[in-house]
Amino acid sequence: MLQQIEGSRAVALGVALCRPEVICAYPITPQTHIVEALGEMVKKGELENCEYINVESEFAALSVSIGASAAGARSYTATASQGLLYMAEAVYNAAGLGLPIVMTIGNRAIGAPINIWNDHSDSMALRDAGWIQLYAETNQEALDLHIQAFRLAEALSCPVMVCVDGFILTHAYERIEVPDAKAVDEFLPPFEPVQVLDCDDPVSIGAMVGPEAFMEVKYLQHHKQIRALELIPAIADEFSKKFGRQSGGLVKPYRIEDAETIVVALGSVNGTIKDVVDEMRREGHLIGSLAIASFRPFPLKEARSALEKAKRVVVIEKSLSVGLGGPLSDGVRKSLSGIAMKGHTVIAGLGGRAITGKSLKDLFLKAERNELELLNFLDLDWKIVNQQIDRERETRRSGPIAENILKSIGTVASRIA
Amino acid sequence: MSLQPVKFYQTGTFTVGNRLLDESMRAVQANMTRTNSLNSGHRACQGCGEALGARYAIDAAMRAAKNRLIAANATGCLEVFSTPYPETSWQIPWMHSVFANAASVATGIAAALKVKKKNDVRVIAQGGDGGTTDIGFACLSGMFERNDDVLYICYDNEAYMNTGVQRSSATPPGARTATTPAVGPHPGNPFGTGKNLPLIAMAHQIPYVATASIANLHDLEAKVEKAMGIRGARYIHIYVPCPLGWGSLPSDTMKVARLAVESGLFPLFEAEHGEITSRIPIRRKVPVEEYLKLQRRFAHLFGEDRTAIRMIQEIADRNIAKFGLEEK
Ligand SMILES: Cc1ncc(C[n+]2csc(CCOP(=O)(O)OP(=O)(O)O)c2C)c(N)n1
Ligand code: SF4
Ligand SMILES: [Mg+2]
């Protein structure tokens with residue numbers, strides 16, 4: 001059924017269609033509307049057979065999910081930003097125990113300075129925790145990916161994060177096709193755990209493992225992700241046959257056939273990138289884009305075959321690996337091992353800074369003119385940065401950086417270039 | 001009886017397994033009619049109060065739950081000594097996640113059982129004093145406050161033992177630990193610090209709170225059984241001496257535990273919905289010295305200046321007055 005709804009509500013409807021049995025809720029912007037909507041559905045009786053638990057922290061949210069999943073219940077929670085870091089220990093634990101929990105990340109920056117707006121610093125901080133990470137480009141995809149995520153998680157016994165750009169998607173109203181409950185039931189069979197706490201067949205889960213077997217256990221975690229490289233496209237294909245639209249998969253190439261410049265990115269910014277690609281194509285530029293839909297596992301082979309014929313790759317990153325560059329670029333460069341090609345990392349949109357079509361177009365034109373650096377910061381205000389650097393050089397007690405910068409800007413309103 | 005060659009050690013380990021003996025030669029503990037939920041072969045130190053406390057508590061819970069029990073365990077000695085991969089001492093479905101979240105994991109298990117309509121299966125969470133009073137406290141308080149259907153058992157050996165005897169908020173004043181060394185003008189753990197978790201649990205108005213000690217195993221079992229007869233959040237705080245951390249003789253574990261009770265340092269009581277409903281009076285009150293002198297962690301208090309011992313005696317006397325432990 002077509003509905004004009006908020007992204008968070010779309011995600012909540014998608015999750016509800018998966019018939020979760022335990023949902024843990026803890027508020028953090030911009031994820032909160034999702035668990036609020038689910039709570040209402042449970043309370044109204046629209047979502048039956050579901051325990052909705054108001055926990056006292058994100059650490060508890062995931063820990064309760066861990067217990068519930070180990071006891072055989074389909075378990076779901078959602079978080080963002082500080083909340084994801086607060087539960088970090090449990091994030092690794094859920095993956096290590098192989099529990100097929102699905103968690104939505106309403107992607108948001110990490111402080112300090114505290115900032116509620118969108119970037120990918122949160123999910124990137126936990127990219128190596130052993131969870132599968134899928135990035136939604138649209139709200140339709142955000143909904144669809146949750147249905148695929150439960151299927152994938154339970155097939156592999158591996159937790160899945162569905163990353164949905166905070167505000168840009170979670171708070172945007174769009175026209176959404178909400179799947180039919182019966183079709184979802186057919187697509188997603190009831191959860192059949194591979195290990196479960198059962199009085200009739202007692203097992204010990206989570207025992208201590210020493211050097212004699214730890215590497216093997218870790219390898220097997222990696223092996224699940226290798227299997228996911230086959231399963232993700234297979235599930236996406238099956239989904240498209242059943243529901244009549246393509247959602248998810250490993251990578252999503254756009255107009256790359258003869259492209260000399262290919263732009264790579266995660267999540268919703270791909271929409272803007274595609275608009276700019278279309279505009280530049282109309283003007284005769286040989287440009288295309290590649291959305292990475294699955295960041296973990298990273299589709300090295302698929303990225304390579306999409307990118308190998310290009311002259312240059314521009315990676316747009318909503319996350320900064322401080323002191324190095326960007327985590328997405330690491331994967332892209334690895335996929336292009338042995339191929340001589342220009343590669344540019346562009347850090348963009350941190351803390352909700354708008355990534356505009358105009359800025360992107362200027363950037364891509366610069367790339368074509370071979371004027372881009374290895375590492376670039378989109379729309380960075382160099383004047384302000386340099387002022388602060390000078391200030392710090394002059395006095396040791398130069399004060400808090402963020403406050404100094406806001407003072408020199410003279411405004412607290414966010415600026416769009 | 002003819003002599004039979006006995007293999008005391010499990011393959012590849014150095015663990016003595018009493019149950020490996022012929023049935024007629026086994027000790028009482030290896031009696032096959034006991035559940036032995038925490039079975040022999042684990043790696044606890046000799047005289048470990050925690051191993052004893054856990055075995056009695058979980059066996060009692062199993063009896064009460066008609067063997068339908070699942071346990072979530074915090075990181076700590078109990079977890080480490082009971083599950084040296086690939087072996088496990090647990091005869092019940094058991095799970096360890098991380099240090100701080102046993103209460104939450106148990107909440108999750110209970111929630112799963114509820115949706116699955118397995119109302120006969122009961123849930124226990126357990127951890128050491130560090131995992132309960134310090135790092136796991138937020139999760140525990142949340143579990144209490146929501147009145148989740150979980151019995152949480154804290155095995156209190158008054159320090160972080162698994163990491164080598166560091167101070168926790170359950171470490172008593174004056175005690176020497178690796179992080180409160182017996183040096184300087186105020187050796188050991190400072191006076192005026194620490195928290196009383198049973199009282200904090202009571203402040204949550206949960207249906208049942210009790211303290212118990214391995215010194216009184218019948219009382220311990222009765223309390224566990226009583227707790228299992230109640231639904232909702234329940235808490236039992238069990239006093240379990242640790243010979244290694246306390247510097248007491250393994251053969252003195254029961255004695256030390258008994259003296260803690262009889263001196264008034266560890267009051268035994270029950271509370272329901274925030275009100276104390278019963279206490280075990282002290283039959284023969286002993287001075288705290290009797291208790292302290294068996295443990296090297298207090299050895300530095302026995303110098304010329306006995307102020308610290310007097311202060312500990314005051315704590316014991318206050319407990320006796322506050323909880324009404326004097327036999328009338
Ligand atoms: C987050 C975290 N911090 C620290 C540790 C290290 N650690 C493991 S067990 C333990 C001590 C446990 O003490 P307690 O809970 O009192 O149990 P005991 O070993 O004394 O029975 C500590 C500090 C850990 N595993 N995880
Ligand atoms: S260190 Fe203490 S608590 Fe740990 S196993 Fe040894 S005696 Fe038991
Ligand atoms: Mg301890």
# chains A, B, ... in the order shown; residues from 1 in each chain; ligands from 1
call {"tool": "residues_near_ligand", "arguments": {"ligand": "ligand 3", "cutoff": "9 Å", "atoms": "only C-alpha atoms and all ligand atoms", "output": "short mmCIF file (atom, residue, chain, number, x, y, z; two decimals) with all heavy atoms, in the first residue's frame"}}
result
data_model
loop_
_atom_site.label_atom_id
_atom_site.label_comp_id
_atom_site.auth_asym_id
_atom_site.auth_seq_id
_atom_site.Cartn_x
_atom_site.Cartn_y
_atom_site.Cartn_z
N GLU B 50 32.66 -18.89 46.57
CA GLU B 50 31.77 -18.57 45.45
C GLU B 50 31.28 -19.85 44.77
O GLU B 50 30.10 -19.98 44.41
CB GLU B 50 32.51 -17.68 44.46
CG GLU B 50 31.65 -17.14 43.35
CD GLU B 50 32.31 -15.97 42.63
OE1 GLU B 50 32.22 -14.84 43.15
OE2 GLU B 50 32.95 -16.18 41.58
N GLY B 76 33.68 -12.85 35.50
CA GLY B 76 34.20 -12.91 36.86
C GLY B 76 34.67 -14.32 37.15
O GLY B 76 34.62 -15.20 36.29
N CYS B 77 35.11 -14.55 38.38
CA CYS B 77 35.63 -15.87 38.73
C CYS B 77 34.65 -16.98 38.38
O CYS B 77 35.02 -17.96 37.75
CB CYS B 77 35.95 -15.92 40.22
SG CYS B 77 37.64 -15.40 40.57
N GLY B 127 26.39 -12.81 39.30
CA GLY B 127 27.67 -12.15 39.09
C GLY B 127 28.35 -11.91 40.42
O GLY B 127 27.76 -12.13 41.49
N GLY B 128 29.59 -11.46 40.35
CA GLY B 128 30.33 -11.13 41.56
C GLY B 128 29.95 -9.75 42.08
O GLY B 128 29.11 -9.07 41.50
N ASP B 129 30.57 -9.34 43.17
CA ASP B 129 30.22 -8.03 43.73
C ASP B 129 30.61 -6.90 42.78
O ASP B 129 29.86 -5.94 42.63
CB ASP B 129 30.89 -7.83 45.10
CG ASP B 129 32.38 -8.14 45.06
OD1 ASP B 129 32.72 -9.33 44.92
OD2 ASP B 129 33.19 -7.20 45.17
N GLY B 130 31.75 -7.03 42.11
CA GLY B 130 32.15 -5.99 41.15
C GLY B 130 31.14 -5.89 40.03
O GLY B 130 30.70 -4.80 39.65
N GLY B 131 30.78 -7.05 39.47
CA GLY B 131 29.83 -7.09 38.36
C GLY B 131 28.43 -6.66 38.77
O GLY B 131 27.60 -6.36 37.92
N THR B 132 28.18 -6.60 40.07
CA THR B 132 26.84 -6.27 40.55
C THR B 132 26.78 -4.85 41.11
O THR B 132 25.97 -4.03 40.67
CB THR B 132 26.43 -7.26 41.67
OG1 THR B 132 26.55 -8.59 41.15
CG2 THR B 132 25.01 -7.00 42.12
N CYS B 154 23.96 -12.15 43.67
CA CYS B 154 25.30 -11.58 43.74
C CYS B 154 26.14 -12.43 44.69
O CYS B 154 25.74 -12.67 45.83
CB CYS B 154 25.23 -10.14 44.26
SG CYS B 154 26.85 -9.45 44.68
N TYR B 155 27.28 -12.89 44.21
CA TYR B 155 28.21 -13.62 45.07
C TYR B 155 29.26 -12.62 45.53
O TYR B 155 30.13 -12.21 44.75
CB TYR B 155 28.85 -14.78 44.30
CG TYR B 155 27.80 -15.74 43.78
CD1 TYR B 155 27.42 -15.72 42.44
CD2 TYR B 155 27.17 -16.64 44.63
CE1 TYR B 155 26.44 -16.58 41.97
CE2 TYR B 155 26.19 -17.50 44.16
CZ TYR B 155 25.83 -17.47 42.83
OH TYR B 155 24.86 -18.32 42.36
N ASP B 156 29.14 -12.23 46.77
CA ASP B 156 29.95 -11.12 47.28
C ASP B 156 31.21 -11.65 47.96
O ASP B 156 31.16 -12.16 49.08
CB ASP B 156 29.11 -10.30 48.27
CG ASP B 156 29.86 -9.09 48.80
OD1 ASP B 156 30.99 -8.83 48.32
OD2 ASP B 156 29.32 -8.39 49.68
N ASN B 157 32.35 -11.51 47.26
CA ASN B 157 33.61 -11.84 47.91
C ASN B 157 34.44 -10.57 48.14
O ASN B 157 35.64 -10.60 48.33
CB ASN B 157 34.39 -12.90 47.13
CG ASN B 157 34.53 -12.54 45.67
OD1 ASN B 157 34.45 -11.37 45.31
ND2 ASN B 157 34.74 -13.53 44.82
N GLU B 158 33.73 -9.45 48.07
CA GLU B 158 34.24 -8.17 48.56
C GLU B 158 35.46 -7.63 47.81
O GLU B 158 36.24 -6.86 48.36
CB GLU B 158 34.51 -8.24 50.07
CG GLU B 158 33.25 -8.64 50.85
CD GLU B 158 33.38 -8.48 52.35
OE1 GLU B 158 34.48 -8.72 52.88
OE2 GLU B 158 32.39 -8.09 52.99
N ALA B 159 35.61 -8.03 46.56
CA ALA B 159 36.64 -7.43 45.69
C ALA B 159 36.55 -8.04 44.30
O ALA B 159 35.81 -9.01 44.08
CB ALA B 159 38.04 -7.66 46.27
N TYR B 160 37.28 -7.45 43.38
CA TYR B 160 37.42 -7.99 42.02
C TYR B 160 38.45 -9.10 42.07
O TYR B 160 39.65 -8.84 41.97
CB TYR B 160 37.90 -6.91 41.06
CG TYR B 160 36.90 -5.81 40.78
CD1 TYR B 160 36.94 -4.62 41.49
CD2 TYR B 160 35.95 -5.96 39.79
CE1 TYR B 160 36.03 -3.60 41.23
CE2 TYR B 160 35.04 -4.94 39.52
CZ TYR B 160 35.09 -3.77 40.24
OH TYR B 160 34.20 -2.78 39.96
N MET B 161 37.99 -10.34 42.24
CA MET B 161 38.93 -11.43 42.43
C MET B 161 39.55 -11.90 41.12
O MET B 161 40.75 -12.16 41.04
CB MET B 161 38.25 -12.59 43.13
CG MET B 161 37.82 -12.23 44.54
SD MET B 161 39.13 -11.36 45.42
CE MET B 161 38.35 -11.03 46.97
N ASN B 162 38.71 -12.00 40.10
CA ASN B 162 39.19 -12.60 38.86
C ASN B 162 40.36 -11.84 38.25
O ASN B 162 41.19 -12.40 37.54
CB ASN B 162 38.04 -12.69 37.86
CG ASN B 162 38.41 -13.49 36.65
OD1 ASN B 162 38.87 -14.62 36.77
ND2 ASN B 162 38.25 -12.91 35.49
N VAL B 165 42.21 -9.38 42.79
CA VAL B 165 41.88 -8.78 44.09
C VAL B 165 42.04 -7.25 44.12
O VAL B 165 42.91 -6.70 44.80
CB VAL B 165 42.74 -9.39 45.23
CG1 VAL B 165 42.07 -9.11 46.58
CG2 VAL B 165 42.99 -10.87 45.05
N GLN B 166 41.20 -6.58 43.35
CA GLN B 166 41.18 -5.12 43.43
C GLN B 166 39.92 -4.68 44.20
O GLN B 166 38.94 -5.41 44.28
CB GLN B 166 41.16 -4.49 42.03
CG GLN B 166 42.44 -4.73 41.23
CD GLN B 166 42.44 -6.07 40.52
OE1 GLN B 166 41.41 -6.70 40.36
NE2 GLN B 166 43.62 -6.52 40.10
N ARG B 167 39.96 -3.49 44.71
CA ARG B 167 38.85 -2.96 45.50
C ARG B 167 37.58 -2.78 44.66
O ARG B 167 37.64 -2.31 43.52
CB ARG B 167 39.23 -1.59 46.08
CG ARG B 167 38.11 -0.96 46.87
CD ARG B 167 38.21 0.56 46.88
NE ARG B 167 37.16 1.12 47.72
CZ ARG B 167 36.00 1.57 47.25
NH1 ARG B 167 35.75 1.55 45.96
NH2 ARG B 167 35.09 2.07 48.07
N SER B 168 36.45 -3.14 45.22
CA SER B 168 35.16 -2.81 44.62
C SER B 168 34.39 -1.98 45.63
O SER B 168 34.86 -1.77 46.76
CB SER B 168 34.37 -4.09 44.29
OG SER B 168 33.76 -4.61 45.46
N ALA B 170 32.10 -3.01 47.23
CA ALA B 170 31.69 -3.92 48.31
C ALA B 170 32.87 -4.29 49.21
O ALA B 170 32.71 -5.06 50.15
CB ALA B 170 31.07 -5.18 47.71
N THR B 171 34.04 -3.76 48.93
CA THR B 171 35.20 -4.05 49.78
C THR B 171 35.02 -3.33 51.12
O THR B 171 34.71 -2.14 51.16
CB THR B 171 36.49 -3.55 49.10
OG1 THR B 171 36.63 -4.24 47.85
CG2 THR B 171 37.72 -3.84 49.96
N VAL B 240 30.38 -14.81 50.21
CA VAL B 240 31.20 -15.96 49.81
C VAL B 240 32.69 -15.67 50.00
O VAL B 240 33.32 -15.01 49.18
CB VAL B 240 30.91 -16.35 48.33
CG1 VAL B 240 29.53 -16.96 48.19
CG2 VAL B 240 31.06 -15.18 47.38
N CYS B 242 36.69 -15.68 49.92
CA CYS B 242 37.62 -16.03 48.86
C CYS B 242 39.00 -16.20 49.49
O CYS B 242 39.67 -15.22 49.81
CB CYS B 242 37.65 -14.90 47.83
SG CYS B 242 39.06 -14.93 46.72
#
call {"tool": "residues_around", "arguments": {"residues": "region 62-76 of chain A", "least_positions_apart": "5", "cutoff": "6 Å", "atoms": "only C-alpha atoms", "output": "short mmCIF file (atom, residue, chain, number, x, y, z; two decimals) with all heavy atoms, in the first residue's frame"}}
result
data_model
loop_
_atom_site.label_atom_id
_atom_site.label_comp_id
_atom_site.auth_asym_id
_atom_site.auth_seq_id
_atom_site.Cartn_x
_atom_site.Cartn_y
_atom_site.Cartn_z
N PRO A 20 8.86 -8.89 14.95
CA PRO A 20 9.88 -9.04 16.00
C PRO A 20 9.20 -9.47 17.30
O PRO A 20 8.04 -9.11 17.54
CB PRO A 20 10.45 -7.62 16.13
CG PRO A 20 9.36 -6.73 15.68
CD PRO A 20 8.62 -7.48 14.61
N GLU A 21 9.90 -10.24 18.08
CA GLU A 21 9.31 -10.74 19.33
C GLU A 21 9.77 -9.96 20.54
O GLU A 21 9.10 -9.92 21.57
CB GLU A 21 9.64 -12.23 19.48
CG GLU A 21 8.95 -13.07 18.42
CD GLU A 21 9.48 -14.48 18.33
OE1 GLU A 21 10.69 -14.64 18.06
OE2 GLU A 21 8.71 -15.42 18.53
N VAL A 22 10.96 -9.35 20.44
CA VAL A 22 11.44 -8.47 21.52
C VAL A 22 12.01 -7.21 20.88
O VAL A 22 12.83 -7.27 19.97
CB VAL A 22 12.51 -9.17 22.38
CG1 VAL A 22 13.09 -8.20 23.41
CG2 VAL A 22 11.92 -10.39 23.10
N ILE A 23 11.52 -6.06 21.36
CA ILE A 23 12.02 -4.76 20.88
C ILE A 23 12.51 -3.98 22.09
O ILE A 23 11.82 -3.87 23.09
CB ILE A 23 10.91 -3.96 20.17
CG1 ILE A 23 10.47 -4.67 18.89
CG2 ILE A 23 11.38 -2.53 19.86
CD1 ILE A 23 9.28 -4.02 18.21
N ILE A 101 20.60 -10.43 15.55
CA ILE A 101 19.83 -9.24 15.94
C ILE A 101 19.87 -8.24 14.78
O ILE A 101 20.89 -8.11 14.11
CB ILE A 101 20.46 -8.62 17.21
CG1 ILE A 101 20.41 -9.62 18.36
CG2 ILE A 101 19.81 -7.29 17.57
CD1 ILE A 101 21.38 -9.31 19.49
N VAL A 102 18.77 -7.55 14.56
CA VAL A 102 18.78 -6.47 13.57
C VAL A 102 18.65 -5.15 14.31
O VAL A 102 17.84 -5.01 15.22
CB VAL A 102 17.65 -6.63 12.53
CG1 VAL A 102 17.53 -5.40 11.65
CG2 VAL A 102 17.91 -7.87 11.66
N MET A 103 19.52 -4.21 13.93
CA MET A 103 19.54 -2.91 14.61
C MET A 103 19.59 -1.81 13.56
O MET A 103 20.40 -1.86 12.64
CB MET A 103 20.77 -2.84 15.52
CG MET A 103 21.01 -1.48 16.15
SD MET A 103 22.04 -1.58 17.64
CE MET A 103 23.63 -2.01 16.95
N PRO A 193 16.56 -20.59 15.40
CA PRO A 193 17.94 -20.32 15.83
C PRO A 193 18.87 -21.52 15.66
O PRO A 193 18.42 -22.66 15.74
CB PRO A 193 17.79 -19.96 17.31
CG PRO A 193 16.47 -20.47 17.73
CD PRO A 193 15.61 -20.59 16.52
N VAL A 196 20.42 -22.16 20.98
CA VAL A 196 19.36 -21.56 21.80
C VAL A 196 19.46 -22.08 23.23
O VAL A 196 19.89 -23.22 23.47
CB VAL A 196 17.97 -21.84 21.16
CG1 VAL A 196 17.65 -23.32 21.18
CG2 VAL A 196 16.88 -21.03 21.83
N LEU A 197 19.12 -21.21 24.17
CA LEU A 197 19.09 -21.61 25.58
C LEU A 197 17.82 -22.42 25.80
O LEU A 197 16.72 -21.88 25.75
CB LEU A 197 19.09 -20.36 26.48
CG LEU A 197 20.36 -19.52 26.38
CD1 LEU A 197 20.12 -18.13 26.99
CD2 LEU A 197 21.53 -20.20 27.08
N SER B 104 20.64 -7.43 32.30
CA SER B 104 19.92 -7.13 31.06
C SER B 104 19.75 -8.37 30.19
O SER B 104 18.70 -8.58 29.58
CB SER B 104 20.67 -6.07 30.24
OG SER B 104 20.81 -4.90 30.97
N VAL B 105 20.81 -9.18 30.12
CA VAL B 105 20.72 -10.40 29.32
C VAL B 105 19.60 -11.28 29.88
O VAL B 105 18.78 -11.83 29.15
CB VAL B 105 22.07 -11.15 29.31
CG1 VAL B 105 21.93 -12.53 28.70
CG2 VAL B 105 23.12 -10.34 28.56
N THR B 107 16.99 -10.23 31.54
CA THR B 107 15.73 -9.59 31.15
C THR B 107 15.33 -10.02 29.74
O THR B 107 14.16 -10.34 29.47
CB THR B 107 15.88 -8.05 31.17
OG1 THR B 107 16.00 -7.63 32.53
CG2 THR B 107 14.71 -7.35 30.53
N GLY B 108 16.32 -10.06 28.85
CA GLY B 108 16.05 -10.48 27.47
C GLY B 108 15.59 -11.92 27.40
O GLY B 108 14.65 -12.25 26.67
N ILE B 109 16.24 -12.77 28.17
CA ILE B 109 15.85 -14.19 28.17
C ILE B 109 14.41 -14.32 28.68
O ILE B 109 13.58 -15.02 28.09
CB ILE B 109 16.82 -15.02 29.04
CG1 ILE B 109 18.24 -14.99 28.44
CG2 ILE B 109 16.33 -16.47 29.17
CD1 ILE B 109 19.33 -15.55 29.36
N ALA B 112 11.99 -13.23 26.10
CA ALA B 112 11.83 -14.24 25.04
C ALA B 112 10.93 -15.38 25.53
O ALA B 112 10.04 -15.83 24.81
CB ALA B 112 13.20 -14.78 24.63
#
call {"tool": "closest_atom_pairs", "arguments": {"of": "chain B", "to": "chain A", "cutoff": "10 Å", "atoms": "only C-alpha atoms", "output": "CSV"}}
result
residue,atom,partner,partner_atom,distance
B:Asn67,CA,A:Cys199,CA,7.7
B:Arg68,CA,A:Cys199,CA,5.7
B:Leu69,CA,A:Cys199,CA,6.6
B:Ile70,CA,A:Leu197,CA,7.0
B:Ala71,CA,A:Leu197,CA,9.1
B:Ala72,CA,A:Gly67,CA,8.1
B:Asn73,CA,A:Gly206,CA,9.4
B:Thr75,CA,A:Met208,CA,9.6
B:Glu79,CA,A:Ala207,CA,7.8
B:Val80,CA,A:Met208,CA,6.6
B:Phe81,CA,A:Met208,CA,9.4
B:Ser82,CA,A:Ala207,CA,8.7
B:Thr83,CA,A:Ala207,CA,5.3
B:Pro84,CA,A:Met208,CA,5.8
B:Tyr85,CA,A:Val209,CA,5.4
B:Pro86,CA,A:Val209,CA,7.7
B:Glu87,CA,A:Ala207,CA,8.5
B:Thr88,CA,A:Ser204,CA,6.8
B:Ser89,CA,A:Ser204,CA,8.9
B:Trp90,CA,A:Ser204,CA,6.9
B:Gln91,CA,A:Pro202,CA,6.7
B:Ile92,CA,A:Pro202,CA,5.2
B:Pro93,CA,A:Pro202,CA,4.2
B:Trp94,CA,A:Ser204,CA,4.7
B:Met95,CA,A:Ile205,CA,4.6
B:His96,CA,A:Gly206,CA,4.8
B:Ser97,CA,A:Gly206,CA,6.0
B:Val98,CA,A:Ala90,CA,7.2
B:Phe99,CA,A:Glu89,CA,9.5
B:Ala100,CA,A:Phe59,CA,9.0
B:Asn101,CA,A:Ser63,CA,6.1
B:Ala102,CA,A:Ser63,CA,8.1
B:Ala103,CA,A:Val64,CA,8.5
B:Ser104,CA,A:Val64,CA,4.8
B:Val105,CA,A:Gly67,CA,4.1
B:Ala106,CA,A:Gly67,CA,6.0
B:Thr107,CA,A:Val64,CA,5.9
B:Gly108,CA,A:Ala68,CA,4.1
B:Ile109,CA,A:Ala68,CA,4.6
B:Ala110,CA,A:Ala68,CA,7.4
B:Ala111,CA,A:Glu51,CA,6.2
B:Ala112,CA,A:Ala68,CA,4.9
B:Leu113,CA,A:Ala71,CA,7.2
B:Lys114,CA,A:Glu51,CA,7.9
B:Val115,CA,A:Asn49,CA,5.8
B:Lys116,CA,A:Ala73,CA,7.7
B:Lys117,CA,A:Asn49,CA,9.6
B:Val121,CA,A:Cys199,CA,7.7
B:Arg122,CA,A:Cys199,CA,9.9
B:Ala138,CA,A:Glu56,CA,7.4
B:Cys139,CA,A:Ala60,CA,6.1
B:Leu140,CA,A:Ala60,CA,9.6
B:Ser141,CA,A:Glu56,CA,8.6
B:Gly142,CA,A:Glu56,CA,5.7
B:Met143,CA,A:Val55,CA,8.3
B:Glu145,CA,A:Glu56,CA,9.5
B:Arg146,CA,A:Asn54,CA,8.3
B:Asp148,CA,A:Ile53,CA,9.9
call {"tool": "residues_around", "arguments": {"residues": "Glu317 (chain A)", "least_positions_apart": "3", "cutoff": "9 Å", "atoms": "only C-alpha atoms", "output": "list in words"}}
result
Asp119, His120, Val264, Ala265, Leu266, Leu320, Gly325, Gly326, Pro327, Leu328, Ser329, Thr345, Val346, Ile347, Ala348, Gly349 and Leu350 of chain A
call {"tool": "write_last_selection", "arguments": {"atoms": "N, CA, C and O atoms", "output": "compact mmCIF listing (two decimals), in the first residue's frame"}}
result
# COMPACT_ATOMS: atom_id res chain seq x y z
N ASP A 119 26.01 12.26 10.01
CA ASP A 119 27.14 11.77 9.22
C ASP A 119 27.31 10.28 9.55
O ASP A 119 26.40 9.70 10.17
N HIS A 120 28.39 9.66 9.13
CA HIS A 120 28.50 8.21 9.33
C HIS A 120 29.52 7.81 10.40
O HIS A 120 29.94 6.66 10.46
N VAL A 264 32.04 7.39 -5.66
CA VAL A 264 31.60 6.30 -4.79
C VAL A 264 31.12 6.89 -3.47
O VAL A 264 31.74 7.81 -2.92
N ALA A 265 29.99 6.39 -2.97
CA ALA A 265 29.48 6.90 -1.69
C ALA A 265 28.54 5.88 -1.06
O ALA A 265 28.13 4.91 -1.68
N LEU A 266 28.21 6.16 0.20
CA LEU A 266 27.28 5.34 0.97
C LEU A 266 26.03 6.14 1.27
O LEU A 266 26.12 7.33 1.58
N LEU A 320 35.31 10.72 9.03
CA LEU A 320 36.74 11.01 8.94
C LEU A 320 37.51 10.05 9.83
O LEU A 320 37.28 9.99 11.04
N GLY A 325 42.21 9.58 6.81
CA GLY A 325 41.35 9.92 5.67
C GLY A 325 39.96 9.40 5.87
O GLY A 325 39.27 9.83 6.78
N GLY A 326 39.57 8.40 5.06
CA GLY A 326 38.20 7.91 5.17
C GLY A 326 38.14 6.41 5.04
O GLY A 326 38.85 5.82 4.24
N PRO A 327 37.27 5.78 5.83
CA PRO A 327 37.18 4.32 5.81
C PRO A 327 36.64 3.73 4.51
O PRO A 327 37.05 2.64 4.12
N LEU A 328 35.75 4.45 3.83
CA LEU A 328 35.23 3.92 2.57
C LEU A 328 36.34 3.84 1.52
O LEU A 328 36.44 2.88 0.76
N SER A 329 37.18 4.89 1.53
CA SER A 329 38.29 4.90 0.56
C SER A 329 39.21 3.71 0.76
O SER A 329 39.75 3.16 -0.21
N THR A 345 39.89 11.06 -1.91
CA THR A 345 38.97 10.96 -0.78
C THR A 345 38.42 12.34 -0.50
O THR A 345 39.20 13.31 -0.40
N VAL A 346 37.11 12.44 -0.38
CA VAL A 346 36.51 13.73 -0.07
C VAL A 346 35.66 13.58 1.18
O VAL A 346 34.66 12.87 1.20
N ILE A 347 36.12 14.21 2.24
CA ILE A 347 35.35 14.19 3.49
C ILE A 347 34.27 15.27 3.36
O ILE A 347 34.58 16.43 3.08
N ALA A 348 33.03 14.86 3.56
CA ALA A 348 31.92 15.78 3.30
C ALA A 348 30.79 15.56 4.29
O ALA A 348 30.61 14.46 4.80
N GLY A 349 30.07 16.63 4.54
CA GLY A 349 28.81 16.48 5.29
C GLY A 349 28.96 16.12 6.75
O GLY A 349 28.01 15.63 7.36
N LEU A 350 30.12 16.36 7.34
CA LEU A 350 30.27 15.99 8.75
C LEU A 350 29.35 16.84 9.62
O LEU A 350 29.19 18.04 9.41
call {"tool": "residues_around", "arguments": {"residues": "region 209-221 of chain B", "least_positions_apart": "2", "cutoff": "6 Å", "atoms": "only C-alpha atoms", "output": "number ranges by chain"}}
result
B: 53, 60, 223-224, 234-239, 254, 257-258, 268-271
call {"tool": "closest_residue", "arguments": {"among": "A:Met215, A:Gln3, A:Val269, A:Ala88", "to": "ligand 1", "atoms": "only C-alpha atoms and all ligand atoms"}}
result
A:Ala88
call {"tool": "atom_distance", "arguments": {"atom1": "CA of Ala234 (chain A)", "atom2": "CA of Pro100 (chain A)"}}
result
18.3 Å
call {"tool": "closest_residue", "arguments": {"among": "B:Gly184, B:Pro267, B:Gly47, B:Pro241", "to": "ligand 1", "atoms": "only C-alpha atoms and all ligand atoms"}}
result
B:Pro241
call {"tool": "residues_around", "arguments": {"residues": "Leu126 (chain A)", "least_positions_apart": "5", "cutoff": "12 Å", "atoms": "only C-alpha atoms", "output": "PyMOL selection string"}}
result
chain A and resi 80-93+95+105+120-121+131-133+160-161+163+295-296+327
call {"tool": "select_by_dssp", "arguments": {"residues": "region 345-396 of chain A", "states": "strand (DSSP E or B)", "output": "VMD selection string"}}
result
chain A and resid 345 to 347 375 to 377
